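Source file: run22.cif. Holds: mmCIF, C-alpha atoms and all ligand atoms.
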```
data_final
loop_
_atom_site.label_atom_id
_atom_site.label_comp_id
_atom_site.auth_asym_id
_atom_site.auth_seq_id
_atom_site.Cartn_x
_atom_site.Cartn_y
_atom_site.Cartn_z
CA MET W 1 94.26 148.01 9.53
CA PRO W 2 92.22 148.23 10.72
CA ASN W 3 95.57 146.72 10.30
CA CYS W 4 92.97 147.83 12.02
CA MET W 5 95.60 147.34 10.33
CA CYS W 6 98.99 154.67 10.15
CA ASN W 7 101.16 157.26 10.70
CA ILE W 8 104.27 159.06 9.70
CA PHE W 9 105.25 155.93 7.91
CA ARG W 10 102.73 156.13 5.19
CA ILE W 11 103.16 156.70 1.51
CA MET W 12 103.46 160.47 1.63
CA ARG W 13 106.38 160.11 3.96
CA PHE W 14 107.80 157.28 1.92
CA LYS W 15 107.76 159.50 -1.16
CA ARG W 16 109.51 162.27 0.73
CA LEU W 17 112.12 159.87 2.02
CA LEU W 18 112.72 158.57 -1.46
CA LEU W 19 113.18 162.09 -2.76
CA VAL W 20 115.71 162.74 -0.01
CA ILE W 21 117.38 159.47 -0.86
CA CYS W 22 117.62 160.51 -4.51
CA VAL W 23 119.30 163.76 -3.53
CA LEU W 24 121.68 161.78 -1.35
CA ALA W 25 122.32 159.39 -4.20
CA ASN W 26 123.40 162.26 -6.39
CA SER W 27 125.44 164.10 -3.85
CA VAL W 28 126.81 161.75 -1.22
CA ILE W 29 127.57 158.39 -2.74
CA CYS W 30 131.20 158.19 -3.77
CA THR W 31 130.47 156.28 -6.95
CA PRO W 32 127.86 158.25 -8.84
CA LEU W 33 125.04 156.22 -10.32
CA CYS W 34 125.04 155.98 -14.08
CA TYR W 35 122.12 157.40 -15.99
CA GLY W 36 120.58 153.95 -16.55
CA ALA W 37 120.29 153.19 -12.85
CA GLN W 38 119.05 156.71 -12.17
CA ASP W 39 116.41 156.28 -14.83
CA PHE W 40 115.21 153.11 -13.20
CA GLN W 41 115.17 154.82 -9.81
CA LEU W 42 113.15 157.73 -11.17
CA GLU W 43 110.77 155.32 -12.83
CA GLY W 44 110.52 153.46 -9.54
CA LEU W 45 109.59 156.72 -7.83
CA GLU W 46 106.86 157.37 -10.36
CA GLN W 47 105.47 153.91 -9.75
CA VAL W 48 105.53 154.52 -5.99
CA LYS W 49 103.58 157.75 -6.53
CA ALA W 50 100.99 155.73 -8.44
CA GLY W 51 100.84 153.19 -5.64
CA ASN W 52 102.19 150.46 -7.92
CA PHE W 53 104.77 148.94 -5.62
CA THR W 54 105.26 145.76 -7.65
CA LYS W 55 106.35 147.76 -10.71
CA ALA W 56 108.44 150.08 -8.53
CA LEU W 57 110.17 147.07 -7.05
CA GLU W 58 111.08 145.80 -10.53
CA CYS W 59 112.68 149.17 -11.31
CA PHE W 60 114.66 149.27 -8.07
CA ASP W 61 115.74 145.63 -8.52
CA THR W 62 117.11 146.49 -11.96
CA ALA W 63 118.93 149.53 -10.58
CA LEU W 64 120.47 147.37 -7.84
CA LYS W 65 121.88 144.95 -10.42
CA GLU W 66 123.92 147.86 -11.79
CA HIS W 67 124.91 149.05 -8.34
CA PRO W 68 124.81 146.04 -6.01
CA ASN W 69 126.36 147.97 -3.11
CA SER W 70 124.01 150.94 -3.15
CA TRP W 71 122.47 151.24 0.30
CA VAL W 72 120.07 153.82 -1.12
CA ILE W 73 118.57 151.41 -3.63
CA MET W 74 118.41 148.71 -0.97
CA GLN W 75 116.31 151.05 1.14
CA SER W 76 113.96 151.74 -1.75
CA ILE W 77 113.53 148.00 -2.24
CA ALA W 78 112.90 147.53 1.47
CA ASN W 79 110.20 150.18 1.43
CA CYS W 80 108.46 148.59 -1.54
CA GLN W 81 108.62 145.19 0.13
CA MET W 82 107.09 146.75 3.23
CA GLU W 83 104.25 148.26 1.24
CA LEU W 84 103.63 144.86 -0.33
CA GLY W 85 103.40 143.29 3.10
CA HIS W 86 106.66 141.31 2.80
CA TYR W 87 107.98 142.42 6.15
CA ASP W 88 110.74 139.84 6.63
CA THR W 89 112.21 140.66 3.21
CA ALA W 90 111.96 144.38 4.00
CA VAL W 91 113.90 143.91 7.23
CA ALA W 92 116.53 141.82 5.42
CA PHE W 93 117.07 144.59 2.82
CA LEU W 94 117.27 147.26 5.51
CA GLN W 95 119.89 145.20 7.34
CA LYS W 96 121.87 144.88 4.08
CA SER W 97 121.48 148.63 3.58
CA ILE W 98 122.94 149.30 7.03
CA GLU W 99 125.83 146.92 6.36
CA ALA W 100 126.54 148.63 3.02
CA GLY W 101 126.10 152.26 4.02
CA GLY W 102 126.41 152.43 7.80
CA LEU W 103 123.67 153.36 10.21
CA HIS W 104 121.72 156.51 9.34
CA PRO W 105 118.70 157.96 11.15
CA ILE W 106 116.61 157.40 8.03
CA GLN W 107 117.33 153.69 8.16
CA CYS W 108 116.19 153.54 11.76
CA ASN W 109 113.00 155.31 10.70
CA ASN W 110 112.41 152.82 7.94
CA MET W 111 113.14 149.87 10.18
CA ALA W 112 110.65 151.25 12.71
CA ALA W 113 108.10 151.58 9.92
CA VAL W 114 108.43 147.93 8.95
CA TYR W 115 108.13 146.72 12.51
CA GLN W 116 105.20 149.04 13.11
CA LYS W 117 103.38 147.79 10.08
CA SER W 118 103.97 144.19 11.08
CA GLY W 119 102.61 144.85 14.55
CA GLN W 120 105.95 144.45 16.37
CA VAL W 121 105.43 147.49 18.51
CA LYS W 122 108.36 147.12 20.90
CA LYS W 123 110.89 146.74 18.07
CA ALA W 124 109.33 149.70 16.23
CA LEU W 125 109.65 151.82 19.36
CA ALA W 126 113.28 150.78 19.89
CA TRP W 127 114.23 151.78 16.32
CA LEU W 128 112.43 155.12 16.60
CA GLN W 129 114.24 155.83 19.84
CA LEU W 130 117.55 154.89 18.19
CA GLU W 131 116.73 157.34 15.38
CA CYS W 132 116.24 160.08 17.99
CA THR W 133 119.55 159.16 19.62
CA LEU W 134 121.41 159.42 16.31
CA ASP W 135 119.63 162.66 15.41
CA PRO W 136 118.26 164.40 18.56
CA SER W 137 116.34 166.89 16.41
CA ARG W 138 114.07 164.04 15.41
CA SER W 139 112.76 163.78 18.95
CA LEU W 140 111.38 167.33 18.60
CA ASP W 141 109.45 166.50 15.47
CA PRO W 142 105.75 166.53 16.38
CA ARG W 143 104.98 163.55 14.22
CA THR W 144 107.78 161.49 15.71
CA LYS W 145 106.59 162.44 19.19
CA ALA W 146 103.02 161.49 18.31
CA ASN W 147 104.17 158.22 16.86
CA ILE W 148 106.18 157.29 19.94
CA ARG W 149 103.11 158.13 22.04
CA ARG W 150 100.99 155.86 19.88
CA LEU W 151 103.48 153.02 20.12
CA LYS W 152 103.28 153.29 23.91
CA ASP W 153 99.46 153.31 23.87
CA PRO W 154 98.09 150.23 25.70
CA ALA W 155 95.61 149.68 22.84
CA ASN W 156 98.58 148.95 20.59
CA ASN W 157 100.36 146.80 23.15
CA PRO W 158 97.84 144.08 23.86
CA THR W 159 98.70 141.72 26.65
CA GLY W 160 97.56 138.24 27.52
CA SER W 161 97.92 134.72 26.31
CA LEU W 162 98.42 133.99 22.63
CA THR W 163 96.73 130.63 22.98
CA ALA W 164 93.82 131.21 25.40
CA SER W 165 90.36 130.60 23.96
CA ASP W 166 89.68 134.35 23.84
CA TYR W 167 91.45 137.70 24.39
CA LEU W 168 88.74 139.62 26.21
CA SER W 169 91.01 140.38 29.15
CA GLY W 170 93.59 141.87 26.79
CA LEU W 171 91.21 144.50 25.42
CA VAL W 172 91.45 148.05 26.76
CA SER W 173 87.66 148.05 27.09
CA PHE W 174 84.54 146.68 25.46
CA LYS W 175 80.94 147.75 25.08
CA ARG W 176 78.27 145.74 23.34
CA CYS W 177 75.53 147.33 21.30
CA PRO W 178 72.30 147.10 23.37
CA LYS W 179 69.60 144.56 22.52
CA GLU W 180 67.15 147.38 21.97
CA ALA W 181 69.29 148.65 19.10
CA MET W 182 69.00 145.37 17.18
CA PRO W 183 68.86 144.94 14.29
CA LEU W 184 71.61 147.47 13.84
CA LYS W 185 70.97 149.87 10.99
CA VAL W 186 73.87 149.76 8.55
CA TYR W 187 74.48 152.36 5.84
CA VAL W 188 77.07 151.56 3.18
CA ARG W 189 78.01 154.85 1.56
CA SER W 190 78.93 154.99 -2.12
CA ASN W 191 82.06 156.96 -2.98
CA PHE W 192 81.18 159.10 -5.99
CA GLN W 193 84.84 159.11 -7.09
CA ILE W 194 84.95 155.31 -7.34
CA PRO W 195 81.28 154.28 -7.68
CA ASP W 196 82.13 151.09 -9.58
CA PHE W 197 83.64 149.60 -6.44
CA TYR W 198 80.38 149.94 -4.49
CA PRO W 199 78.89 146.50 -5.27
CA MET W 200 82.13 144.78 -4.25
CA PHE W 201 82.37 146.85 -1.06
CA PHE W 202 78.74 146.19 -0.20
CA ALA W 203 79.28 142.44 -0.55
CA ILE W 204 82.39 142.59 1.64
CA VAL W 205 80.50 144.48 4.35
CA ARG W 206 77.63 141.99 4.27
CA GLU W 207 79.96 138.99 4.46
CA SER W 208 81.87 140.57 7.34
CA LEU W 209 78.74 141.43 9.29
CA ASP W 210 77.47 137.89 8.80
CA GLN W 211 80.65 136.48 10.30
CA TRP W 212 80.27 138.60 13.43
CA ARG W 213 76.53 137.81 13.58
CA LYS W 214 77.18 134.07 13.51
CA ALA W 215 79.98 134.40 16.05
CA THR W 216 77.50 135.84 18.54
CA ASP W 217 74.72 133.34 17.78
CA ASN W 218 72.69 136.16 16.27
CA ALA W 219 72.98 138.40 19.33
CA ILE W 220 74.23 140.82 16.72
CA SER W 221 71.72 141.34 13.92
CA TYR W 222 71.58 144.02 11.29
CA LYS W 223 69.69 145.47 8.35
CA PHE W 224 70.82 147.78 5.61
CA VAL W 225 69.22 151.21 5.45
CA GLN W 226 69.10 153.75 2.66
CA LYS W 227 69.43 156.84 4.83
CA LEU W 228 72.51 157.98 6.65
CA ASP W 229 70.62 159.75 9.43
CA SER W 230 69.14 156.66 11.02
CA ALA W 231 72.26 154.47 10.75
CA ASP W 232 74.11 152.95 13.70
CA LEU W 233 76.99 151.79 11.50
CA ILE W 234 78.28 153.76 8.53
CA LEU W 235 80.75 152.11 6.18
CA ASP W 236 82.89 154.18 3.81
CA TYR W 237 85.54 153.21 1.30
CA THR W 238 88.21 155.49 -0.10
CA TYR W 239 91.54 155.81 -1.88
CA ARG W 240 92.47 158.89 0.12
CA GLU W 241 94.97 157.87 2.75
CA GLU W 242 94.53 161.11 4.65
CA LEU W 243 91.05 159.94 5.58
CA ILE W 244 92.54 157.00 7.41
CA ARG W 245 93.69 158.96 10.35
CA SER W 246 97.33 158.93 11.26
CA ASP W 247 96.73 158.32 14.93
CA HIS W 248 94.69 155.21 14.73
CA GLU W 249 96.17 151.92 13.78
CA LEU W 250 99.56 150.49 13.09
CA GLY W 251 100.09 150.17 9.37
CA ALA W 252 96.43 150.96 9.02
CA MET W 253 94.22 150.73 6.02
CA GLY W 254 91.12 151.40 8.05
CA ALA W 255 89.80 153.56 10.84
CA THR W 256 86.75 153.53 13.06
CA GLU W 257 85.30 156.56 14.76
CA MET W 258 83.00 155.91 17.71
CA LEU W 259 80.42 158.52 18.63
CA THR W 260 79.21 157.60 22.08
CA SER W 261 75.50 157.65 22.68
CA MET W 262 74.25 159.00 25.98
CA ASN W 263 71.12 156.86 25.58
CA ASP W 264 71.59 153.36 27.00
CA LYS W 265 69.09 151.91 24.58
CA ARG W 266 70.81 153.27 21.51
CA SER W 267 73.89 151.92 19.91
CA ASP W 268 76.90 154.15 19.70
CA ARG W 269 77.20 155.38 16.16
CA ALA W 270 80.29 154.05 14.46
CA ILE W 271 81.82 155.25 11.20
CA SER W 272 84.37 152.95 9.60
CA VAL W 273 86.52 153.97 6.65
CA ILE W 274 88.39 151.39 4.60
CA LEU W 275 91.27 152.16 2.23
CA VAL W 276 90.62 150.18 -0.95
CA LYS W 277 93.33 151.61 -3.25
CA ASP W 278 96.87 152.75 -2.57
CA ALA W 279 96.51 156.02 -4.47
CA PRO W 280 94.09 157.68 -6.90
CA GLY W 281 96.30 156.62 -9.83
CA ALA W 282 96.87 153.06 -8.59
CA PRO W 283 96.06 150.62 -11.39
CA ILE W 284 94.22 148.12 -9.24
CA PHE W 285 92.28 147.92 -6.04
CA LYS W 286 93.74 146.22 -3.03
CA ASP W 287 93.36 142.49 -2.66
CA ARG W 288 89.74 141.58 -1.83
CA ALA W 289 90.76 139.35 1.08
CA LEU W 290 92.84 142.18 2.54
CA ILE W 291 89.95 144.64 2.26
CA LYS W 292 87.65 142.10 3.86
CA ARG W 293 90.10 141.43 6.66
CA CYS W 294 90.28 145.17 7.30
CA CYS W 295 86.48 145.44 7.20
CA LEU W 296 86.11 142.59 9.67
CA HIS W 297 88.64 144.25 11.95
CA GLU W 298 87.01 147.70 11.86
CA LEU W 299 83.59 146.16 12.41
CA GLY W 300 85.06 144.36 15.43
CA HIS W 301 85.83 147.79 16.92
CA ALA W 302 82.47 149.20 15.83
CA LEU W 303 80.63 146.31 17.46
CA GLY W 304 82.32 146.81 20.81
CA ALA W 305 85.95 145.70 21.03
CA ASN W 306 88.30 148.51 22.03
CA GLY W 307 91.81 147.21 21.78
CA HIS W 308 93.54 144.37 20.01
CA SER W 309 94.51 140.75 20.23
CA PRO W 310 98.18 139.97 20.92
CA ASN W 311 98.05 137.08 18.44
CA GLN W 312 98.99 138.02 14.88
CA HIS W 313 96.68 135.39 13.44
CA ASP W 314 93.55 136.97 14.92
CA ILE W 315 91.57 139.44 12.88
CA MET W 316 91.73 141.84 15.82
CA PHE W 317 95.54 141.86 15.88
CA CYS W 318 96.78 145.44 15.62
CA SER W 319 98.23 144.96 12.17
CA GLY W 320 97.17 143.04 9.11
CA SER W 321 99.15 140.90 6.78
CA VAL W 322 98.59 140.47 3.07
CA ASP W 323 99.02 136.76 3.57
CA SER W 324 96.41 136.50 6.29
CA GLY W 325 92.99 135.09 5.63
CA ALA W 326 89.73 136.95 5.90
CA GLN W 327 87.97 134.73 8.40
CA LEU W 328 87.44 135.29 12.06
CA THR W 329 89.52 132.95 14.21
CA ALA W 330 88.03 130.91 17.03
CA ARG W 331 89.54 133.46 19.44
CA ASP W 332 87.88 136.36 17.58
CA LYS W 333 84.55 134.56 17.69
CA ASN W 334 84.85 133.58 21.34
CA THR W 335 85.82 137.11 22.36
CA MET W 336 82.86 138.75 20.63
CA HIS W 337 80.58 136.00 21.90
CA LYS W 338 81.68 136.80 25.46
CA ILE W 339 81.12 140.51 24.91
CA TYR W 340 77.53 139.81 23.87
CA HIS W 341 76.66 136.92 26.20
CA THR W 342 78.39 137.42 29.53
CA GLN W 343 76.45 138.98 32.35
CA THR W 344 78.80 141.87 32.61
CA SER W 345 77.18 145.24 32.58
CA GLY W 346 78.52 145.94 29.16
CA VAL W 347 79.73 149.24 30.48
CA PRO W 348 83.20 149.84 29.17
CA LYS W 349 86.16 150.56 31.37
CA HIS W 350 86.38 153.77 29.38
CA LEU W 351 83.25 155.21 27.83
CA VAL W 352 85.09 156.87 25.02
CA VAL W 353 87.55 155.16 22.77
CA SER W 354 89.85 158.11 22.87
CA SER W 355 92.37 156.87 20.34
CA GLU W 356 89.62 156.35 17.84
CA ILE W 357 87.71 159.60 18.17
CA ARG W 358 88.16 161.87 15.21
CA LYS W 359 88.90 165.37 16.37
ZN ZN W 401 92.24 148.09 15.32
#
```
As structure tokens, how would this structure be written, given the file I've shared?
Amino acid sequence: MPNCMCNIFRIMRFKRLLLVICVLANSVICTPLCYGAQDFQLEGLEQVKAGNFTKALECFDTALKEHPNSWVIMQSIANCQMELGHYDTAVAFLQKSIEAGGLHPIQCNNMAAVYQKSGQVKKALAWLQLECTLDPSRSLDPRTKANIRRLKDPANNPTGSLTASDYLSGLVSFKRCPKEAMPLKVYVRSNFQIPDFYPMFFAIVRESLDQWRKATDNAISYKFVQKLDSADLILDYTYREELIRSDHELGAMGATEMLTSMNDKRSDRAISVILVKDAPGAPIFKDRALIKRCCLHELGHALGANGHSPNQHDIMFCSGSVDSGAQLTARDKNTMHKIYHTQTSGVPKHLVVSSEIRK
């Protein structure tokens, strides 16, 4: 994310849903919430806006103690748990919410979001389709349509064995950077809005590149350059979610754009963007291991893997977990090693990674 570890289910939408929920809370629920619970809910919303989901969760938990049967508060808790990467807990709270308040389209949407973020594409698709059944107008919404299309995209539905020594056959396509392009020229771009994070980001990029280099027995090599123009790989970091395109990854916090070179001896230019903060006002940066996992994943795409592993433990799984480590698995290493050492032509099944081209 990427996770590549994004979509209608991101924070902006979450905030909108919460606002709708608040309106519902004031107008629909038979037992009106007292001012105390409302205060905690409003405070929770403010914390969500700031990207501080842990604090938001505390507020919603307190509100739920006052109103233990409020399906609205349960949903807010579920959404915070989702943002914190606690997907099983999020699903449990959404199920409780459905039991307490009946099945609403918005709950289907939230359930789909959790499953999408956790990489369970088929379940996410089923819940989105159920949402459209309950509220047919949803199926006309362009973002819902786009999301359903993404969930059906083969790149997000990797096939193959979970236990084989590699997942090369499960990729949509692959294309190694040519020998003549080595060492790859890497440009790590400083973000002038958060310049203090640059040293940390630079270190994460270097560590990630070294992992891929070792995995290929140095078939991949690289050097850092000071000029953008000559770079093969460009690494950016940001706190602006809108820069992590909505049509890329499931639950993404990263995106990679591939610009295909027509010259066989040149590497395709890749631009990877990593989300390092939940929002401009978020008090802390994301967990270093999570950022590194995302960086490893995006570099995996940039270095030639188009598609994902079906195994959630692999770095190249289509979604990332907060609890996951930031080391390539044996399967990740073997797959990239094969891409760089097999006698295949290296020509991809598809020249252009269409789902990852920024329009
Ligand atoms: Zn990916």
Subject >> For atom CA of Thr216 of chain W and atom CA of Pro310 of chain W, the interatomic separation in Å (one decimal) >> reply: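 Spanning atom CA of Thr216 of chain W to atom CA of Pro310 of chain W is a straight-line distance of 21.2 Å.
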Original post:
Using only C-alpha atoms, what residues lie at most 12 Å away from (111.5, 140.5, -1.3) (file coordinates), given as a list in words?
Top reply: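 The requested residues, written out, are Phe53, Thr54, Leu57, Glu58, Phe60, Asp61, Met74, Gln75, Ser76, Ile77, Ala78, Asn79, Cys80, Gln81, Met82, Glu83, Leu84, Gly85, His86, Tyr87, Asp88, Thr89, Ala90, Val91, Ala92, Phe93 and Leu94 of chain W.
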Residues as selected, C-alpha atoms, written as a short mmCIF file (atom, residue, chain, number, x, y, z; two decimals), in the frame of the given file, can you do that?
```cif
data_model
loop_
_atom_site.label_atom_id
_atom_site.label_comp_id
_atom_site.auth_asym_id
_atom_site.auth_seq_id
_atom_site.Cartn_x
_atom_site.Cartn_y
_atom_site.Cartn_z
CA PHE W 53 104.77 148.94 -5.62
CA THR W 54 105.26 145.76 -7.65
CA LEU W 57 110.17 147.07 -7.05
CA GLU W 58 111.08 145.80 -10.53
CA PHE W 60 114.66 149.27 -8.07
CA ASP W 61 115.74 145.63 -8.52
CA MET W 74 118.41 148.71 -0.97
CA GLN W 75 116.31 151.05 1.14
CA SER W 76 113.96 151.74 -1.75
CA ILE W 77 113.53 148.00 -2.24
CA ALA W 78 112.90 147.53 1.47
CA ASN W 79 110.20 150.18 1.43
CA CYS W 80 108.46 148.59 -1.54
CA GLN W 81 108.62 145.19 0.13
CA MET W 82 107.09 146.75 3.23
CA GLU W 83 104.25 148.26 1.24
CA LEU W 84 103.63 144.86 -0.33
CA GLY W 85 103.40 143.29 3.10
CA HIS W 86 106.66 141.31 2.80
CA TYR W 87 107.98 142.42 6.15
CA ASP W 88 110.74 139.84 6.63
CA THR W 89 112.21 140.66 3.21
CA ALA W 90 111.96 144.38 4.00
CA VAL W 91 113.90 143.91 7.23
CA ALA W 92 116.53 141.82 5.42
CA PHE W 93 117.07 144.59 2.82
CA LEU W 94 117.27 147.26 5.51
#
```
Subject >> Long-range neighbours of segment 270-284 of chain W as a list in words, 7 Å cut-off, only C-alpha atoms, 4 positions minimum in chain >> reply: Ala50, Gly51, Asn52, Asp232, Leu233, Ile234, Leu235, Asp236, Tyr237, Thr238, Tyr239, Arg240, Glu241, Ile244, Met253, Gly254, Ala255, Thr256, Glu257, Met258, Leu259, Ile291, Cys295, Glu298 and Ala302 of chain W
Original post:
In terms of the shortest atom-to-atom distance over all atoms listed in the file, which of W:Gly325, W:Gly307, W:Pro154, W:Pro136 is closest to ligand ZN 401 (chain W)?
Top reply: W:Gly307
Subject >> Nearby residues (all atoms listed in the file) at most 12 Å from Trp212 of chain W, same-chain spacing under 4 positions excluded, as a ChimeraX atom specification >> reply: /W:205-208,216-222,295-305,315,327-330,332-337,339-340
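Proximity of W:Lys49, W:His341, W:Arg331, W:His308 to ligand ZN 401 (chain W), computed with all atoms listed in the file, is greatest for W:His308.
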Original post:
Quick one: of W:Gln95, W:Thr342, W:Ser319, W:Thr260, who's nearest to Gln116 of chain W, counting all atoms listed in the file?
Top reply: W:Ser319
Original post:
Contacts of Val225 of chain W at 7 Å or less, counting only C-alpha atoms, minus same-chain residues fewer than 3 places along, as a list in words?
Top reply: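 Contacts, with the query itself left out: Lys185, Val186, Tyr187 and Ala231 of chain W.
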Original post:
If you count only C-alpha atoms, which residues fall within 12 Å of segment 124-128 of chain W, apart from same-chain ones fewer than 6 positions away, as number ranges by chain?
Top reply: W: 8-9, 91, 103-118, 134-136, 138-139, 141, 143-153, 156-157, 250-251
Subject >> Nearest candidate to ligand ZN 401 (chain W) (options W:Asn306, W:Gln120, W:Asn311, W:Ser267; using all atoms listed in the file) >> reply: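 Distance minimum relative to ligand ZN 401 (chain W) lands on W:Asn306.
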Original post:
In Å, with one decimal, what is the gap from atom CA of Tyr198 of chain W to atom CA of Gln226 of chain W?
Top reply: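 Going from atom CA of Tyr198 of chain W over to atom CA of Gln226 of chain W covers 13.9 Å.
When all atoms listed in the file are used to measure the gap to Arg288 of chain W, the shortest distance among W:Ala203, W:Leu228, W:Leu243, W:Ala215 belongs to W:Ala203.
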Save segment 130-166 of chain W of the structure in the block above to a file, with C-alpha atoms included, as a PDB file, in the first residue's frame.
```pdb
ATOM      1  CA  LEU W 130     -25.042  -5.957  -1.479  1.00  0.00           C
ATOM      2  CA  GLU W 131     -24.915  -2.185  -0.885  1.00  0.00           C
ATOM      3  CA  CYS W 132     -26.028  -1.640  -4.499  1.00  0.00           C
ATOM      4  CA  THR W 133     -28.855  -4.151  -4.036  1.00  0.00           C
ATOM      5  CA  LEU W 134     -30.118  -2.354  -0.923  1.00  0.00           C
ATOM      6  CA  ASP W 135     -29.753   1.051  -2.577  1.00  0.00           C
ATOM      7  CA  PRO W 136     -29.741   0.733  -6.405  1.00  0.00           C
ATOM      8  CA  SER W 137     -28.750   4.397  -6.759  1.00  0.00           C
ATOM      9  CA  ARG W 138     -25.359   3.445  -5.373  1.00  0.00           C
ATOM     10  CA  SER W 139     -24.622   1.375  -8.457  1.00  0.00           C
ATOM     11  CA  LEU W 140     -24.837   4.578 -10.534  1.00  0.00           C
ATOM     12  CA  ASP W 141     -22.284   6.373  -8.424  1.00  0.00           C
ATOM     13  CA  PRO W 142     -19.124   6.741 -10.532  1.00  0.00           C
ATOM     14  CA  ARG W 143     -16.847   6.046  -7.614  1.00  0.00           C
ATOM     15  CA  THR W 144     -18.715   2.899  -6.650  1.00  0.00           C
ATOM     16  CA  LYS W 145     -18.581   1.743 -10.267  1.00  0.00           C
ATOM     17  CA  ALA W 146     -14.859   2.455 -10.439  1.00  0.00           C
ATOM     18  CA  ASN W 147     -14.281   0.631  -7.201  1.00  0.00           C
ATOM     19  CA  ILE W 148     -16.164  -2.457  -8.333  1.00  0.00           C
ATOM     20  CA  ARG W 149     -14.092  -2.386 -11.532  1.00  0.00           C
ATOM     21  CA  ARG W 150     -10.905  -2.220  -9.495  1.00  0.00           C
ATOM     22  CA  LEU W 151     -11.974  -5.092  -7.285  1.00  0.00           C
ATOM     23  CA  LYS W 152     -12.491  -7.196 -10.406  1.00  0.00           C
ATOM     24  CA  ASP W 153      -9.076  -6.219 -11.822  1.00  0.00           C
ATOM     25  CA  PRO W 154      -6.840  -9.311 -12.158  1.00  0.00           C
ATOM     26  CA  ALA W 155      -3.951  -7.344 -10.602  1.00  0.00           C
ATOM     27  CA  ASN W 156      -5.950  -7.214  -7.383  1.00  0.00           C
ATOM     28  CA  ASN W 157      -7.029 -10.837  -7.570  1.00  0.00           C
ATOM     29  CA  PRO W 158      -3.741 -12.691  -7.661  1.00  0.00           C
ATOM     30  CA  THR W 159      -3.941 -16.390  -8.257  1.00  0.00           C
ATOM     31  CA  GLY W 160      -1.587 -19.245  -7.566  1.00  0.00           C
ATOM     32  CA  SER W 161      -0.242 -21.208  -4.672  1.00  0.00           C
ATOM     33  CA  LEU W 162       0.184 -19.598  -1.280  1.00  0.00           C
ATOM     34  CA  THR W 163       3.058 -21.905  -0.449  1.00  0.00           C
ATOM     35  CA  ALA W 164       5.044 -22.258  -3.704  1.00  0.00           C
ATOM     36  CA  SER W 165       8.614 -20.965  -3.582  1.00  0.00           C
ATOM     37  CA  ASP W 166       7.660 -17.936  -5.679  1.00  0.00           C
TER      38      ASP W 166
END
```
